[in-house]
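> My structure file upload23.cif, mmCIF, C-alpha atoms, is below:
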```cif
data_data
loop_
_atom_site.label_atom_id
_atom_site.label_comp_id
_atom_site.auth_asym_id
_atom_site.auth_seq_id
_atom_site.Cartn_x
_atom_site.Cartn_y
_atom_site.Cartn_z
CA MET A 102 8.41 -170.72 49.49
CA ARG A 103 9.08 -168.83 46.29
CA THR A 104 10.65 -165.42 45.73
CA LEU A 105 9.89 -162.86 43.03
CA VAL A 106 13.03 -161.43 41.38
CA LEU A 107 12.90 -157.90 39.93
CA ASN A 108 15.51 -156.14 37.82
CA ALA A 109 16.86 -152.71 38.78
CA GLY A 110 13.94 -151.17 36.85
CA TYR A 111 11.51 -153.10 39.10
CA GLU A 112 10.30 -155.32 36.24
CA PRO A 113 9.59 -158.98 37.11
CA LEU A 114 12.27 -161.30 35.81
CA ALA A 115 11.78 -164.67 37.48
CA VAL A 116 10.42 -166.66 40.37
CA VAL A 117 13.10 -168.56 42.31
CA SER A 118 13.34 -170.55 45.53
CA PHE A 119 13.97 -168.58 48.71
CA LYS A 120 17.33 -170.38 49.00
CA ARG A 121 18.49 -169.07 45.62
CA ALA A 122 17.23 -165.59 46.53
CA LEU A 123 19.08 -165.65 49.85
CA VAL A 124 22.32 -166.64 48.10
CA LEU A 125 21.93 -163.65 45.74
CA VAL A 126 21.37 -161.33 48.71
CA MET A 127 24.29 -162.74 50.71
CA ASN A 128 26.62 -162.35 47.71
CA GLY A 129 25.60 -158.70 47.34
CA LYS A 130 23.91 -159.20 43.97
CA ALA A 131 20.41 -158.39 45.23
CA ALA A 132 18.57 -156.56 47.98
CA ILE A 133 15.47 -157.68 49.85
CA LEU A 134 12.37 -155.55 49.16
CA ALA A 135 9.85 -157.72 51.03
CA ALA A 136 10.42 -160.52 53.50
CA ASP A 137 8.36 -163.08 55.41
CA PRO A 138 9.07 -162.23 59.08
CA ALA A 139 7.00 -165.16 60.35
CA HIS A 140 9.39 -167.68 58.77
CA PRO A 141 13.04 -166.62 59.17
CA VAL A 142 15.85 -168.75 57.77
CA TRP A 143 17.93 -170.17 60.61
CA GLY A 144 21.67 -170.80 60.27
CA SER A 145 24.10 -172.26 62.77
CA THR A 146 25.04 -168.84 64.17
CA ARG A 147 22.23 -166.47 63.21
CA SER A 148 18.95 -166.03 61.32
CA TRP A 149 18.10 -164.14 58.13
CA ASP A 150 14.88 -162.72 56.77
CA ARG A 151 13.22 -165.07 54.29
CA PRO A 152 12.97 -162.99 51.08
CA SER A 153 9.67 -162.90 49.20
CA VAL A 154 10.68 -160.10 46.77
CA ILE A 155 14.24 -159.15 45.82
CA VAL A 156 15.67 -156.61 43.40
CA LEU A 157 18.91 -157.16 41.51
CA ARG A 158 21.56 -154.48 42.06
CA ARG A 159 22.60 -154.41 38.41
CA TYR A 160 20.10 -153.72 35.66
CA VAL A 161 18.95 -156.72 33.64
CA ARG A 162 17.02 -155.77 30.51
CA VAL A 163 13.69 -157.44 29.78
CA PRO A 164 13.32 -158.04 26.03
CA ASN A 165 10.28 -156.15 24.70
CA GLY A 166 9.93 -157.91 21.38
CA ARG A 167 9.35 -161.37 22.82
CA ALA A 168 5.88 -162.72 22.07
CA VAL A 169 3.96 -164.62 24.73
CA PRO A 170 3.60 -168.24 23.54
CA VAL A 171 0.04 -169.55 23.21
CA SER A 172 -0.87 -172.23 25.75
CA ARG A 173 -4.02 -173.71 27.28
CA ARG A 174 -2.98 -172.45 30.72
CA GLY A 175 -2.29 -168.99 29.30
CA VAL A 176 -5.71 -168.72 27.62
CA LEU A 177 -7.46 -169.78 30.83
CA ARG A 178 -5.38 -167.28 32.84
CA ARG A 179 -6.01 -164.44 30.38
CA ASP A 180 -9.79 -165.02 30.54
CA GLY A 181 -9.84 -165.39 34.33
CA ASN A 182 -10.97 -169.04 34.12
CA ARG A 183 -14.40 -167.81 32.96
CA CYS A 184 -16.30 -169.08 29.92
CA ALA A 185 -16.24 -166.54 27.09
CA TYR A 186 -19.83 -167.48 26.17
CA CYS A 187 -21.79 -167.92 29.43
CA GLY A 188 -19.42 -166.64 32.13
CA SER A 189 -19.37 -169.82 34.23
CA SER A 190 -16.19 -171.58 35.36
CA ALA A 191 -14.06 -172.60 32.36
CA THR A 192 -12.09 -175.82 32.19
CA THR A 193 -11.41 -176.08 28.44
CA ILE A 194 -10.47 -173.81 25.57
CA ASP A 195 -12.41 -173.25 22.36
CA HIS A 196 -11.49 -172.12 18.86
CA VAL A 197 -13.80 -169.23 17.93
CA LEU A 198 -13.31 -170.14 14.27
CA PRO A 199 -13.06 -173.97 14.39
CA ARG A 200 -9.83 -175.56 13.21
CA SER A 201 -11.79 -177.55 10.62
CA ARG A 202 -12.67 -174.22 8.97
CA GLY A 203 -9.15 -172.86 9.02
CA GLY A 204 -9.04 -171.47 12.55
CA LYS A 205 -5.54 -171.17 13.97
CA ASP A 206 -4.10 -171.76 17.43
CA SER A 207 -3.65 -168.06 18.18
CA TRP A 208 -4.46 -165.71 21.03
CA GLU A 209 -7.09 -164.02 18.82
CA ASN A 210 -8.87 -167.31 18.01
CA LEU A 211 -8.78 -169.11 21.39
CA VAL A 212 -11.04 -168.42 24.38
CA ALA A 213 -11.66 -170.11 27.72
CA CYS A 214 -14.84 -172.17 27.64
CA CYS A 215 -16.91 -174.37 29.94
CA LEU A 216 -17.43 -177.98 28.90
CA LYS A 217 -21.17 -177.48 28.32
CA CYS A 218 -20.73 -174.55 25.91
CA ASN A 219 -17.81 -176.26 24.18
CA ASN A 220 -19.94 -179.37 23.50
CA LEU A 221 -22.97 -177.32 22.39
CA LYS A 222 -20.92 -175.14 20.04
CA GLY A 223 -19.12 -178.06 18.46
CA ASP A 224 -17.86 -177.27 14.96
CA ARG A 225 -19.76 -174.01 14.50
CA THR A 226 -18.96 -170.33 14.87
CA PRO A 227 -20.52 -168.17 17.60
CA GLU A 228 -22.52 -166.32 14.90
CA GLU A 229 -24.08 -169.56 13.71
CA MET A 230 -25.12 -170.28 17.30
CA SER A 231 -26.39 -166.70 17.81
CA TRP A 232 -23.90 -166.39 20.67
CA SER A 233 -21.71 -163.42 21.48
CA LEU A 234 -18.31 -163.35 23.11
CA ARG A 235 -18.11 -161.75 26.55
CA ILE A 236 -14.48 -160.74 25.86
CA THR A 237 -12.44 -159.83 22.80
CA PRO A 238 -9.64 -162.37 22.55
CA LYS A 239 -6.22 -160.77 22.14
CA ALA A 240 -2.63 -161.54 23.00
CA PRO A 241 -1.63 -160.65 26.56
CA TYR A 242 1.21 -158.22 27.09
CA GLY A 243 3.51 -157.11 29.87
CA SER A 244 6.57 -158.56 31.51
CA SER A 245 4.51 -160.50 34.06
CA TRP A 246 3.26 -162.74 31.21
CA LEU A 247 6.83 -163.65 30.26
CA VAL A 248 7.88 -164.78 33.75
CA ARG A 249 7.46 -168.49 34.51
CA GLY A 250 5.79 -169.29 37.80
CA ILE A 251 4.04 -165.97 38.21
CA GLU A 252 0.59 -167.53 37.70
CA ARG A 253 0.48 -168.45 41.38
CA THR A 254 1.22 -165.10 42.96
CA GLN A 255 1.71 -164.34 46.63
CA PRO A 256 0.12 -161.36 48.43
CA GLN A 257 3.54 -159.72 48.99
CA TRP A 258 4.08 -159.54 45.22
CA GLU A 259 0.92 -157.60 44.32
CA GLU A 260 2.31 -154.04 44.51
CA TYR A 261 5.38 -155.00 42.44
CA LEU A 262 3.35 -156.82 39.77
CA ALA A 263 0.82 -153.95 39.59
CA ALA A 264 3.65 -151.47 38.98
CA ALA A 265 4.96 -153.64 36.11
CA ALA A 266 1.58 -153.94 34.36
#
```
Translate this file's structure into structure tokens.


Amino acid sequence: MRTLVLNAGYEPLAVVSFKRALVLVMNGKAAILAADPAHPVWGSTRSWDRPSVIVLRRYVRVPNGRAVPVSRRGVLRRDGNRCAYCGSSATTIDHVLPRSRGGKDSWENLVACCLKCNNLKGDRTPEEMSWSLRITPKAPYGSSWLVRGIERTQPQWEEYLAAAA
């Protein structure tokens, strides 16, 4: 079970194990915002709520100037695992302007793509294929993109992630 950690400004900072979160709470460094009542943590003398979202008592600043690094997983997540050309399920990524023609590995040049469209497009541009992009590729933003492990969210986290977006 994983726990979402927020700073005092309710911005997502990290995803940690429930054990690490419980230690922070027990040491007075964090407070529990949401817990999993169906699965308490049992000790030798008592039980504690299993934290699913905690907030740190002291403010920890999230750096604004940090750029989100480009990755295959990130491109697929940004595009909702949907092909930018046909809208079907995407398993690969595609360079809009092929690398052989000077296309870079950047958020603005990479899109999620299904294997069929990727093989059909090959070393051509969408214009040469008379295709149009369903989305405009751009770099993602927001603190939730900078937090490792947040790709696999839990239902209890939704309201805290929505507030940070």

> Please tell me which residues are no farther than 9 Å from (-18.3, -179.0, 13.1) in the file, counting all atoms listed in the file, and write them as a list of chain:residue names.

A:Pro199, A:Ser201, A:Arg202, A:Lys222, A:Gly223, A:Asp224, A:Arg225, A:Thr226

> Can you work out which one of A:Phe119, A:Tyr261, A:Tyr242, A:Trp232 has the shortest atom-to-atom distance to Met102 of chain A, counting only C-alpha atoms?

A:Phe119

> Could you list, as a VMD selection string, every residue matched by the PyMOL selection byres ((chain A and resi 235) around 9) in this structure?

chain A and resid 184 to 188 233 to 234 236 to 237

> So, counting all atoms listed in the file, which residue among A:Val116, A:Asn108, A:Gln257, A:Gly175 is closest to Pro138 of chain A?

A:Gln257

> Mind pulling up the distance from atom CA of Pro170 of chain A to atom CA of Cys218 of chain A?

25.2 Å

> Which residues, protein or nucleic acid, reach to within 12 Å of (13.4, -164.3, 54.8) in the file's coordinates when using all atoms listed in the file, and can you give that as JSON, numbers by chain?

{"A": [102, 103, 104, 118, 119, 120, 121, 122, 123, 124, 126, 127, 132, 133, 134, 135, 136, 137, 138, 139, 140, 141, 142, 143, 144, 148, 149, 150, 151, 152, 153, 154, 155]}

> Using Å and a single decimal, report how far atom CA of Gly203 of chain A sits from atom CA of Leu216 of chain A.

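Between these atoms lies a distance of 22.1 Å.
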